[in-house]
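Peer 1: Could you have a look at this structure, given as structure tokens, before my questions?
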4 protein chains.
Amino acid sequence: MQKRELGIGLIGTGFMGKAHAFAYRMALAAFPDIPTPRLVAIADVNATSAAEAAHQYGFESSSGNWRDLIANPAIDVISITTPNSFHKEMTLAALSAGKHVHCEKPLSPSLADSLEMVEAAEAKGLITQVGFNYIKNPMLKLAREMIEAGELGEITGFRGIHAEDYMHDPASPWTWRIDPKGGPGVVADLGSHIICMARYLLGGIAEINADLRTIVKQRPIAVGSSDMKPVEVDDMARMLVTFERGCAGTLEATWVNTGRKMHLAFEVTGVKGSLVFNQEHLNELHFYKAGGDPRTSGFAKIESGPVHPPYGQFCVASGHQLGFNDLKTIEMGEFLRGIALGKATGPDFREAYNIQKVVEAAVASSKTRAWERVGK
Amino acid sequence: MQKRELGIGLIGTGFMGKAHAFAYRMALAAFPDIPTPRLVAIADVNATSAAEAAHQYGFESSSGNWRDLIANPAIDVISITTPNSFHKEMTLAALSAGKHVHCEKPLSPSLADSLEMVEAAEAKGLITQVGFNYIKNPMLKLAREMIEAGELGEITGFRGIHAEDYMHDPASPWTWRIDPKGGPGVVADLGSHIICMARYLLGGIAEINADLRTIVKQRPIAVGSSDMKPVEVDDMARMLVTFERGCAGTLEATWVNTGRKMHLAFEVTGVKGSLVFNQEHLNELHFYKAGGDPRTSGFAKIESGPVHPPYGQFCVASGHQLGFNDLKTIEMGEFLRGIALGKATGPDFREAYNIQKVVEAAVASSKTRAWERVGK
Amino acid sequence: MQKRELGIGLIGTGFMGKAHAFAYRMALAAFPDIPTPRLVAIADVNATSAAEAAHQYGFESSSGNWRDLIANPAIDVISITTPNSFHKEMTLAALSAGKHVHCEKPLSPSLADSLEMVEAAEAKGLITQVGFNYIKNPMLKLAREMIEAGELGEITGFRGIHAEDYMHDPASPWTWRIDPKGGPGVVADLGSHIICMARYLLGGIAEINADLRTIVKQRPIAVGSSDMKPVEVDDMARMLVTFERGCAGTLEATWVNTGRKMHLAFEVTGVKGSLVFNQEHLNELHFYKAGGDPRTSGFAKIESGPVHPPYGQFCVASGHQLGFNDLKTIEMGEFLRGIALGKATGPDFREAYNIQKVVEAAVASSKTRAWERVGK
Amino acid sequence: MQKRELGIGLIGTGFMGKAHAFAYRMALAAFPDIPTPRLVAIADVNATSAAEAAHQYGFESSSGNWRDLIANPAIDVISITTPNSFHKEMTLAALSAGKHVHCEKPLSPSLADSLEMVEAAEAKGLITQVGFNYIKNPMLKLAREMIEAGELGEITGFRGIHAEDYMHDPASPWTWRIDPKGGPGVVADLGSHIICMARYLLGGIAEINADLRTIVKQRPIAVGSSDMKPVEVDDMARMLVTFERGCAGTLEATWVNTGRKMHLAFEVTGVKGSLVFNQEHLNELHFYKAGGDPRTSGFAKIESGPVHPPYGQFCVASGHQLGFNDLKTIEMGEFLRGIALGKATGPDFREAYNIQKVVEAAVASSKTRAWERVGK
């Protein structure tokens, strides 16, 4: 790979904006083979926030207008962490300016708009990535390798869930997060993560049968207000799925699972073995291998270490553990490497679009109360 | 309650026959308030096995003919642990003879036959029970009480699973367990347990949408044989359900879940709290209570103790733990108490029939690939 | 083995009396090869309690005078579950009458008295057993076999603990349990269990360096009383030990470990592997085997099943789980088999005496604040 | 606090050098209130390594001679991550040049040399810190706060351990890590971490009684070599301790605990509650609070979140989890804040010296086989 520098422009300074900034700051430190990310500019609708963020995260400049980043020739890469409704406009502008784009999920609230974004990127031959960071975990890479290598034998089933509780309190007010203009509810917000994980491990989902539910039917318009506004998006999504490879599974997403903070978990079963993962202990993978001495067989708790790349880029000793921001660093490292190599490592826009098609099929199925084929 | 003696007749000496024998032997020792079970006779189609079992388990007599037990006036209670296809004939004969009946699940392979058994028992006014022992766990009683008392607030969802792996090996031969004459496959065998548990905690299931799969399409007719016989029953069952109370959930049953020995588990979520249970650690219940100090809140691991009846009947100290056979003893203790009180504590034949209706609706749904209402 | 009947006489109807009764009732049902235990008589200082217990547990007769059991020629075996200070008198009487004796731990508060009991039993050639039930767990048998077979390689260390919290509340009143006439405090009461377990797995303890502490310095003489009585026995015991085989370890016992109900746990390490056990999950043993593929190595969670004798005597399916009373049944089954075979399976009186010598060395060490050799 | 910039000079580019570089890169991004760390120069005895590291980690310059950093007026802070034997010379040079110093543990192999370093720093009034990163965990801060606030009541005991297995294989060759010139073995290397943690939570250790063992008596001089060299340092350390506050405890350290990768764990018990922590799940703290409803009481699994500072500096959502490098970032953030405030947040050189005195007392005790008072 030819070493070079890539100018980074980051739009947004909130939760994910900070995560991107951390990741770009760390990417080269973890991955010496990638192009050097040069933190050129950060933008936020609030120019003061942008300036403070530039200082804090080490960007050379800041702006209250994201179009300044698009216009900046020193910037090769645009990272978009704004609310969903802005993604399309920003992305298309960045692509037009010849910039590679990282966009937080989902690409857009509308499947058609997302497809337009995909096609624009592919037409330009630019590298894209979407923020499905959880699959960047070395334990997920191990799981996928084991499945592909046949270590579980023929795959027979999958159970996946992403459950959190940040919306469980009926007193939590109505927010942009549940504005139907931003897309469906938890089936898109968290459901997309477990769909992504399922696809990453087992490939495409062919059919889906979903039941989406709104648990909290109305919410106050502000904390403590007695003015209530109806909730039109789902709080809980349950799905039966069949994979293109033939096996079946269940997927579930909920943001009202009282007590759960990060229950993103799966169990994949095969004729020769099973794997169990839970993001609550993200540095572990549990593996049962059939056919061993039954007296001493059981699920082995594999702890993440240098033998599980790219763990070793962060620490040379096993068991020291990666955190959430490290997964984001891996994500950005792979994105920048992909730009250098001219090949996305994914999930790229196309994959995000494919995930969104599953979400849309779930929404459709919940309305028709019937099995729906995914995409066309 | 008026103390008296109840003569016990047990049919069958296999896995469940032994469990019944253990339980009848222990019931009075654990529950001094119940009628004294007198172990009158045990029957098995193999008279020698019956005689050995009588000695081992302390029955006064044995027989190679189950009808001898029906005819024996010293016997008040018949326990049936034979293969499913014999349940109806034995039950109807016992009821005709005026005996209370405990029958292992399912009542029969046919819903119509099961209904006939229910109606025969109800017409006679005799006490019945069916072997859904897992809900006899003090931790399950606690869970139900907490839900009923509103400690979780309004219930918002349920996830239940019963996964084991005793059929996961494709080399495991074709057996009576997968003979379609005995009923559907795992959806009945293990699925009935998680359906029972769901009903016990949350009440009736209104609608179901199921996907049943046969994973191992054919099996050798005997260990090591190359003659294969097709498998016609399901190995994996996945279900979306809605409860009569309004909330929704998922249920899953599989006997090919490589590595899982007793993964009978649920999570029930409410607006004010959640409960998590796993039979793999049957003496624990995990409880999250919303609204506490967030700094120190988390799922509490409740360990079973005398404060959770009827644990204290077995041990006066917390944490010493009950085992599978103790659950069976509770089941039999409650059955005998129910006879004395003239009121079944359940699950009785009617409840077993209601569970079977859910199983049947799942089978139907998997065929129609549509939501099916349960029973009528 | 020649089949025959053994008449059982049980002294005491409290916590352990009940556990013995349960175990004798179940022993033959679990172990068909042993002599049939005939439940001849039960005694309690309270004759009414004894009569009720006889009915409940199925003994043929009862008495308010334990000497009636000694005098009864139909009784071959005496089980002693009374307070410690009665053990010696009862035991010597039973041995004199030619009866085999099971005595709850400790043999007696005094090492000299215990030795007298040991020697009396050995002189008579009678079979004895002492109630260290936790090592009867199939998972402990597996652990010992693995160690003996060299599956862990050379043993390098041991960490053992028995922590509960039944005395943690300073408002809990002064009781017989902390009467120094009954012996030292937790170092004997719980410490003996972890010492027993350490010896069972690794053999004799050569030297000990202990620190015993009294945490609650005085307790009310009754619940709610303001009259306080000083506490003279230890609440917490911490010990460094060296084993005769050469390796070292730590042992700890405490009954004031707030929140712990049954934390009887160990980790044994060897050059080739390690084992981790915790009675809180008594049906599991965790095994790490060195030298495997580092990518998929980790502690395997072994779940108890029929492949781990004598689990299969209780249930033919893995993962169904044994409880505390089942361990006691194994204990009694082995005791009765030992009588038939003329050979104790242990722990017998001699072993209980050896355990007590370790306790005594710990008490001595805590006073001298120096290493003490165990026994002579 | 007055905002300003601090020039950083880092010596060493190995395991800990990388961790320091990561942490300095991230410190401002996480903690906007601290002085801006300017990455001025990095040194390594291998100038090429230094140059590569400078590029990778974003330092402005590099050198093959650490004295260049001392001489550089743009550098305010020296971070030392070289082998132990170099610490003293580098530290004294840095202090003489008026630079604040972060030094990896231990300060030096010799207690006297360490004291000289402490006194040099204190005489200069410079800020120091030593790399005990594990206590920087928000869960540890929570534990300490809870203890100090009396939420556990009077503290009654402590159990601490740091067990790993990186030296468990007898075929692992002799290295600098076991060169006695570098100090004692695991009692210093890992033992210092659990001693630090114990002191952080409960304060000073007054007395110690230790048993140190060398398990692998000789090691090959290189991988695969048959030339063996004797091992003179300990592999396993077990300690009884009494704290200055009066309670007692055990501490253990081992690097031959086959299978354990990061078992740094403690349980602290109090009259009103207990806390359990294990670095294997570093984002959790388990809390048992006495006196609640016994029916629903149990250890609560607290998951790290923004309510536990400084977690929120890394992520605004609970349960996302910090990793090892984040703990190091907190460490460096606090160090730099301390420089700005003119007050070390610790552990500073004095604290590291106090920890080393405990280590020395353990070594002495193991030789005298008697209790030793710590320091004077």
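Identifiers in this document derive from the order of the structure tokens: chains are assigned A, B, ..., residues are numbered from 1 separately in each chain, and ligands are numbered from 1 in order of occurrence.
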For D:Phe324, find every residue with an atom within 12 Å (counting only C-alpha atoms), except residues of its own chain fewer than 5 positions away, and show them as a PyMOL selection string.

Peer 2: (chain A and resi 283+311+314-326) or (chain D and resi 16+19-20+22-23+132-137+262+279-283+329-331)

Peer 1: Those residues with N, CA and C atoms, as a CSV table (one decimal), in the first residue's frame please?

Peer 2:
```
chain,number,residue,atom,x,y,z
A,283,ASN,N,-15.7,-8.6,25.0
A,283,ASN,CA,-14.4,-9.2,24.7
A,283,ASN,C,-14.4,-10.8,24.9
A,311,TYR,N,-7.1,-7.1,17.7
A,311,TYR,CA,-6.9,-6.8,19.1
A,311,TYR,C,-5.4,-6.3,19.4
A,314,PHE,N,-4.0,-2.8,19.6
A,314,PHE,CA,-4.4,-2.0,20.8
A,314,PHE,C,-3.6,-2.4,22.0
A,315,CYS,N,-3.3,-3.7,22.1
A,315,CYS,CA,-2.6,-4.2,23.3
A,315,CYS,C,-2.0,-5.5,23.0
A,316,VAL,N,-0.8,-5.7,23.5
A,316,VAL,CA,-0.1,-6.9,23.2
A,316,VAL,C,-0.4,-8.1,24.2
A,317,ALA,N,-1.2,-7.8,25.2
A,317,ALA,CA,-1.5,-8.8,26.2
A,317,ALA,C,-3.0,-9.2,26.1
A,318,SER,N,-3.3,-10.5,26.3
A,318,SER,CA,-4.7,-10.9,26.3
A,318,SER,C,-5.5,-10.4,27.5
A,319,GLY,N,-6.8,-10.3,27.3
A,319,GLY,CA,-7.6,-10.1,28.5
A,319,GLY,C,-7.7,-8.6,28.9
A,320,HIS,N,-6.9,-7.8,28.3
A,320,HIS,CA,-6.9,-6.4,28.8
A,320,HIS,C,-8.2,-5.6,28.3
A,321,GLN,N,-8.8,-6.1,27.3
A,321,GLN,CA,-10.1,-5.6,26.8
A,321,GLN,C,-10.1,-4.3,26.0
A,322,LEU,N,-10.9,-4.5,24.9
A,322,LEU,CA,-11.2,-3.3,24.1
A,322,LEU,C,-12.5,-2.7,24.6
A,323,GLY,N,-12.8,-1.4,24.3
A,323,GLY,CA,-14.0,-0.8,24.6
A,323,GLY,C,-14.7,-0.3,23.4
A,324,PHE,N,-15.8,0.3,23.6
A,324,PHE,CA,-16.7,0.8,22.5
A,324,PHE,C,-15.9,1.7,21.5
A,325,ASN,N,-15.1,2.6,22.1
A,325,ASN,CA,-14.4,3.5,21.2
A,325,ASN,C,-13.3,2.8,20.4
A,326,ASP,N,-12.8,1.7,20.9
A,326,ASP,CA,-11.8,1.0,20.1
A,326,ASP,C,-12.5,0.3,18.9
D,16,MET,N,4.0,-0.5,27.0
D,16,MET,CA,3.5,0.7,27.8
D,16,MET,C,3.8,2.0,27.1
D,19,ALA,N,0.9,2.4,25.0
D,19,ALA,CA,-0.3,2.8,25.8
D,19,ALA,C,-0.2,4.3,26.3
D,20,HIS,N,1.0,4.7,26.6
D,20,HIS,CA,1.1,6.2,26.9
D,20,HIS,C,0.8,7.1,25.7
D,22,PHE,N,-1.1,6.4,23.1
D,22,PHE,CA,-2.5,6.4,22.9
D,22,PHE,C,-3.2,7.4,23.9
D,23,ALA,N,-2.8,7.3,25.2
D,23,ALA,CA,-3.5,8.1,26.2
D,23,ALA,C,-3.2,9.5,26.0
D,132,PHE,N,-0.4,3.0,37.8
D,132,PHE,CA,-1.4,2.1,38.3
D,132,PHE,C,-2.8,2.4,37.7
D,133,ASN,N,-2.9,2.0,36.5
D,133,ASN,CA,-4.1,2.4,35.7
D,133,ASN,C,-5.4,1.8,36.2
D,134,TYR,N,-5.4,0.6,36.8
D,134,TYR,CA,-6.6,-0.1,37.0
D,134,TYR,C,-7.6,0.6,38.0
D,135,ILE,N,-7.0,1.4,38.9
D,135,ILE,CA,-7.8,2.1,39.8
D,135,ILE,C,-8.5,3.4,39.2
D,136,LYS,N,-8.1,3.6,37.9
D,136,LYS,CA,-8.7,4.8,37.2
D,136,LYS,C,-10.1,4.4,36.7
D,137,ASN,N,-10.5,3.2,36.8
D,137,ASN,CA,-11.8,2.7,36.3
D,137,ASN,C,-12.9,3.4,37.1
D,262,MET,N,-6.7,-12.0,33.0
D,262,MET,CA,-6.7,-10.7,33.6
D,262,MET,C,-7.7,-10.8,34.8
D,279,GLN,N,-11.8,-7.5,37.0
D,279,GLN,CA,-11.3,-6.8,35.8
D,279,GLN,C,-11.7,-7.6,34.6
D,280,GLU,N,-12.0,-8.9,34.7
D,280,GLU,CA,-12.4,-9.6,33.5
D,280,GLU,C,-13.7,-9.0,32.9
D,281,HIS,N,-14.4,-8.4,33.8
D,281,HIS,CA,-15.6,-7.6,33.4
D,281,HIS,C,-15.5,-6.2,34.0
D,282,LEU,N,-14.6,-5.4,33.4
D,282,LEU,CA,-14.2,-4.2,34.1
D,282,LEU,C,-15.3,-3.1,34.1
D,283,ASN,N,-16.3,-3.3,33.4
D,283,ASN,CA,-17.4,-2.3,33.4
D,283,ASN,C,-18.5,-2.6,34.3
D,329,THR,N,-6.1,6.5,29.4
D,329,THR,CA,-6.4,7.9,29.1
D,329,THR,C,-6.9,8.7,30.3
D,330,ILE,N,-7.7,8.0,31.1
D,330,ILE,CA,-8.1,8.7,32.4
D,330,ILE,C,-6.9,9.0,33.2
D,331,GLU,N,-6.0,8.0,33.3
D,331,GLU,CA,-4.8,8.2,34.1
D,331,GLU,C,-4.0,9.4,33.6
```

Peer 1: I want to know what sits within 7 Å of A:Glu60, based on only C-alpha atoms, with residues of the same chain fewer than 3 positions away left out; could you give that as a ChimeraX atom specification?

Peer 2: /A:39-41,54

Peer 1: Output the selection as an mmCIF file, in the first residue's frame - all heavy atoms for each residue.

Peer 2:
```cif
data_model
loop_
_atom_site.group_PDB
_atom_site.id
_atom_site.type_symbol
_atom_site.label_atom_id
_atom_site.label_comp_id
_atom_site.auth_asym_id
_atom_site.auth_seq_id
_atom_site.Cartn_x
_atom_site.Cartn_y
_atom_site.Cartn_z
ATOM 1 N N LEU A 39 -6.612 15.814 10.381
ATOM 2 C CA LEU A 39 -7.895 16.309 10.851
ATOM 3 C C LEU A 39 -8.057 17.750 10.387
ATOM 4 O O LEU A 39 -7.672 18.692 11.082
ATOM 5 C CB LEU A 39 -7.981 16.177 12.371
ATOM 6 C CG LEU A 39 -7.696 14.759 12.917
ATOM 7 C CD1 LEU A 39 -7.965 14.691 14.418
ATOM 8 C CD2 LEU A 39 -8.491 13.704 12.182
ATOM 9 N N VAL A 40 -8.636 17.922 9.226
ATOM 10 C CA VAL A 40 -8.654 19.237 8.575
ATOM 11 C C VAL A 40 -9.716 20.160 9.151
ATOM 12 O O VAL A 40 -9.430 21.304 9.513
ATOM 13 C CB VAL A 40 -8.857 19.074 7.055
ATOM 14 C CG1 VAL A 40 -8.941 20.442 6.375
ATOM 15 C CG2 VAL A 40 -7.709 18.257 6.462
ATOM 16 N N ALA A 41 -10.946 19.673 9.231
ATOM 17 C CA ALA A 41 -12.011 20.594 9.669
ATOM 18 C C ALA A 41 -13.180 19.833 10.268
ATOM 19 O O ALA A 41 -13.474 18.705 9.877
ATOM 20 C CB ALA A 41 -12.491 21.431 8.497
ATOM 21 N N ALA A 54 -13.134 21.505 17.623
ATOM 22 C CA ALA A 54 -11.887 21.514 16.861
ATOM 23 C C ALA A 54 -10.692 21.544 17.812
ATOM 24 O O ALA A 54 -9.726 20.795 17.649
ATOM 25 C CB ALA A 54 -11.853 22.717 15.922
#
```

Peer 1: What's the separation between atom CA of B:Ile178 and atom CA of B:Pro109, in Å to one decimal place?

Peer 2: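 Computed distance, atom CA of B:Ile178 to atom CA of B:Pro109, equals 12.0 Å.
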
Peer 1: Using only C-alpha atoms, which residues of chain A come within 6 Å of chain C, and what is the closest atom pair for each, with the distance in Å to one decimal? Give it as CSV, sorted by chain and residue number.

Peer 2:
```
residue,atom,partner,partner_atom,distance
A:Arg295,CA,C:Val307,CA,5.9
A:Thr296,CA,C:Ile302,CA,5.8
A:Ser297,CA,C:Ile302,CA,5.7
A:Gly298,CA,C:Ile302,CA,4.6
A:Phe299,CA,C:Ala300,CA,5.2
A:Ala300,CA,C:Ala300,CA,3.9
A:Lys301,CA,C:Gly298,CA,4.7
A:Ile302,CA,C:Gly298,CA,4.6
A:Val307,CA,C:Arg295,CA,5.9
```

Peer 1: What parts of stretch 114-221 of chain D does DSSP call strand (DSSP E)? I'd like the answer as a ChimeraX atom specification.

Peer 2: /D:128-130,155-163,205-213,218-220

Peer 1: Could you name the residues that touch C:Tyr24 at 12 Å or less, counting only C-alpha atoms, but leaving out those on the same chain fewer than 5 positions away, as number ranges by chain?

Peer 2: B: 25-26, 29, 57; C: 6-10, 17-19, 29-31, 34-40, 42, 57-59, 77-79, 102, 325-336

Peer 1: Can you work out which one of C:Ala370, C:Ala248, C:Ala344, C:Ala265 has the shortest atom-to-atom distance to C:Thr128, counting only C-alpha atoms?

Peer 2: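 Smallest distance to C:Thr128 is found for C:Ala344.
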
Peer 1: DSSP says alpha helix (DSSP H) for which residues of stretch 147-247 of chain C? Put them as an MDAnalysis selection string?

Peer 2: chainID C and resid 147:148 186:189 191:202

Peer 1: For B:Ser62, list every protein, DNA or RNA residue within 10 Å, evaluated using only C-alpha atoms, and leave out those in the same chain fewer than 4 positions away; present the list as JSON, numbers by chain.

Peer 2: {"B": [9, 10, 11, 40, 41, 42, 43, 44, 47, 48, 49, 50, 51, 52, 53, 54, 55, 66, 68, 69]}

Peer 1: Take the residues that were just selected and, keeping N, CA and C atoms, output them as a PDB file, in the first residue's frame.

Peer 2:
```pdb
ATOM      1  N   GLY B   9     -50.632 -45.637  42.485  1.00  0.00           N
ATOM      2  CA  GLY B   9     -50.275 -46.632  41.472  1.00  0.00           C
ATOM      3  C   GLY B   9     -49.528 -45.948  40.347  1.00  0.00           C
ATOM      4  N   LEU B  10     -48.339 -46.433  40.073  1.00  0.00           N
ATOM      5  CA  LEU B  10     -47.476 -45.780  39.082  1.00  0.00           C
ATOM      6  C   LEU B  10     -47.271 -46.685  37.878  1.00  0.00           C
ATOM      7  N   ILE B  11     -47.569 -46.169  36.698  1.00  0.00           N
ATOM      8  CA  ILE B  11     -47.385 -46.943  35.462  1.00  0.00           C
ATOM      9  C   ILE B  11     -46.163 -46.412  34.718  1.00  0.00           C
ATOM     10  N   VAL B  40     -48.561 -48.169  46.625  1.00  0.00           N
ATOM     11  CA  VAL B  40     -49.250 -49.461  46.558  1.00  0.00           C
ATOM     12  C   VAL B  40     -48.687 -50.362  45.476  1.00  0.00           C
ATOM     13  N   ALA B  41     -48.581 -49.833  44.262  1.00  0.00           N
ATOM     14  CA  ALA B  41     -48.144 -50.729  43.175  1.00  0.00           C
ATOM     15  C   ALA B  41     -47.515 -49.950  42.041  1.00  0.00           C
ATOM     16  N   ILE B  42     -46.625 -50.631  41.349  1.00  0.00           N
ATOM     17  CA  ILE B  42     -45.972 -50.074  40.170  1.00  0.00           C
ATOM     18  C   ILE B  42     -46.080 -51.090  39.033  1.00  0.00           C
ATOM     19  N   ALA B  43     -46.376 -50.602  37.843  1.00  0.00           N
ATOM     20  CA  ALA B  43     -46.548 -51.505  36.701  1.00  0.00           C
ATOM     21  C   ALA B  43     -45.593 -51.134  35.581  1.00  0.00           C
ATOM     22  N   ASP B  44     -45.168 -52.150  34.874  1.00  0.00           N
ATOM     23  CA  ASP B  44     -44.382 -51.929  33.661  1.00  0.00           C
ATOM     24  C   ASP B  44     -44.684 -53.086  32.724  1.00  0.00           C
ATOM     25  N   ALA B  47     -42.492 -57.179  33.403  1.00  0.00           N
ATOM     26  CA  ALA B  47     -42.828 -57.483  34.793  1.00  0.00           C
ATOM     27  C   ALA B  47     -41.590 -57.514  35.683  1.00  0.00           C
ATOM     28  N   THR B  48     -40.476 -57.940  35.123  1.00  0.00           N
ATOM     29  CA  THR B  48     -39.242 -57.981  35.916  1.00  0.00           C
ATOM     30  C   THR B  48     -38.791 -56.568  36.281  1.00  0.00           C
ATOM     31  N   SER B  49     -38.850 -55.689  35.293  1.00  0.00           N
ATOM     32  CA  SER B  49     -38.516 -54.292  35.582  1.00  0.00           C
ATOM     33  C   SER B  49     -39.439 -53.739  36.656  1.00  0.00           C
ATOM     34  N   ALA B  50     -40.687 -54.070  36.558  1.00  0.00           N
ATOM     35  CA  ALA B  50     -41.648 -53.583  37.545  1.00  0.00           C
ATOM     36  C   ALA B  50     -41.286 -54.085  38.938  1.00  0.00           C
ATOM     37  N   ALA B  51     -40.922 -55.346  39.008  1.00  0.00           N
ATOM     38  CA  ALA B  51     -40.594 -55.929  40.322  1.00  0.00           C
ATOM     39  C   ALA B  51     -39.340 -55.270  40.894  1.00  0.00           C
ATOM     40  N   GLU B  52     -38.348 -55.086  40.058  1.00  0.00           N
ATOM     41  CA  GLU B  52     -37.132 -54.424  40.526  1.00  0.00           C
ATOM     42  C   GLU B  52     -37.409 -53.001  40.983  1.00  0.00           C
ATOM     43  N   ALA B  53     -38.224 -52.327  40.211  1.00  0.00           N
ATOM     44  CA  ALA B  53     -38.550 -50.948  40.563  1.00  0.00           C
ATOM     45  C   ALA B  53     -39.325 -50.903  41.880  1.00  0.00           C
ATOM     46  N   ALA B  54     -40.227 -51.853  42.074  1.00  0.00           N
ATOM     47  CA  ALA B  54     -41.008 -51.883  43.314  1.00  0.00           C
ATOM     48  C   ALA B  54     -40.058 -51.978  44.510  1.00  0.00           C
ATOM     49  N   HIS B  55     -39.080 -52.869  44.397  1.00  0.00           N
ATOM     50  CA  HIS B  55     -38.107 -52.992  45.480  1.00  0.00           C
ATOM     51  C   HIS B  55     -37.327 -51.696  45.667  1.00  0.00           C
ATOM     52  N   TRP B  66     -50.740 -53.053  33.532  1.00  0.00           N
ATOM     53  CA  TRP B  66     -51.194 -51.813  34.172  1.00  0.00           C
ATOM     54  C   TRP B  66     -52.656 -51.887  34.621  1.00  0.00           C
ATOM     55  N   ASP B  68     -53.965 -54.062  36.271  1.00  0.00           N
ATOM     56  CA  ASP B  68     -54.034 -54.513  37.676  1.00  0.00           C
ATOM     57  C   ASP B  68     -54.109 -53.320  38.630  1.00  0.00           C
ATOM     58  N   LEU B  69     -53.453 -52.246  38.264  1.00  0.00           N
ATOM     59  CA  LEU B  69     -53.482 -51.058  39.123  1.00  0.00           C
ATOM     60  C   LEU B  69     -54.862 -50.404  39.087  1.00  0.00           C
TER      61      LEU B  69
END
```

Peer 1: For A:Arg238, please output as a ChimeraX atom specification all residues within 6 Å (counting only C-alpha atoms; exclusion window: fewer than 4 positions along the same chain).

Peer 2: /A:210-211,252

Peer 1: I need the residues from that last selection saved to file as a JSON list (two decimals), in the first residue's frame (with N, CA, C and O atoms), if you can.

Peer 2:
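Saved file result17.json follows:
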```
[["chain", "number", "residue", "atom", "x", "y", "z"],
["A", 210, "ALA", "N", -42.67, -10.17, 10.65],
["A", 210, "ALA", "CA", -42.37, -9.29, 11.78],
["A", 210, "ALA", "C", -43.61, -8.82, 12.51],
["A", 210, "ALA", "O", -44.70, -8.72, 11.94],
["A", 211, "ASP", "N", -43.40, -8.54, 13.76],
["A", 211, "ASP", "CA", -44.45, -7.95, 14.59],
["A", 211, "ASP", "C", -43.83, -6.73, 15.28],
["A", 211, "ASP", "O", -42.99, -6.88, 16.17],
["A", 252, "GLU", "N", -34.68, -9.67, 17.19],
["A", 252, "GLU", "CA", -35.52, -8.84, 18.04],
["A", 252, "GLU", "C", -34.80, -7.53, 18.32],
["A", 252, "GLU", "O", -33.57, -7.51, 18.45]]
```

Peer 1: Between atom CA of D:Tyr200 and atom CA of D:Ile355, what distance in Å does the model show, to one decimal?

Peer 2: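 So the two atoms, atom CA of D:Tyr200 and atom CA of D:Ile355, lie 10.5 Å apart.
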
Peer 1: Could you please determine the separation between atom CA of C:Lys229 and atom CA of C:Asp179 in Å, to one decimal place?

Peer 2: 10.6 Å

Peer 1: D:Pro170: which residues within 10 Å, counting only C-alpha atoms, same-chain residues fewer than 6 positions away excluded, as a ChimeraX atom specification?

Peer 2: /C:271-272 /D:215-220,256

Peer 1: Quick one: residues within 9 Å of C:Ser110, only C-alpha atoms, excluding same-chain residues fewer than 4 positions away - as a PyMOL selection string?

Peer 2: chain C and resi 114-115+182-183+356
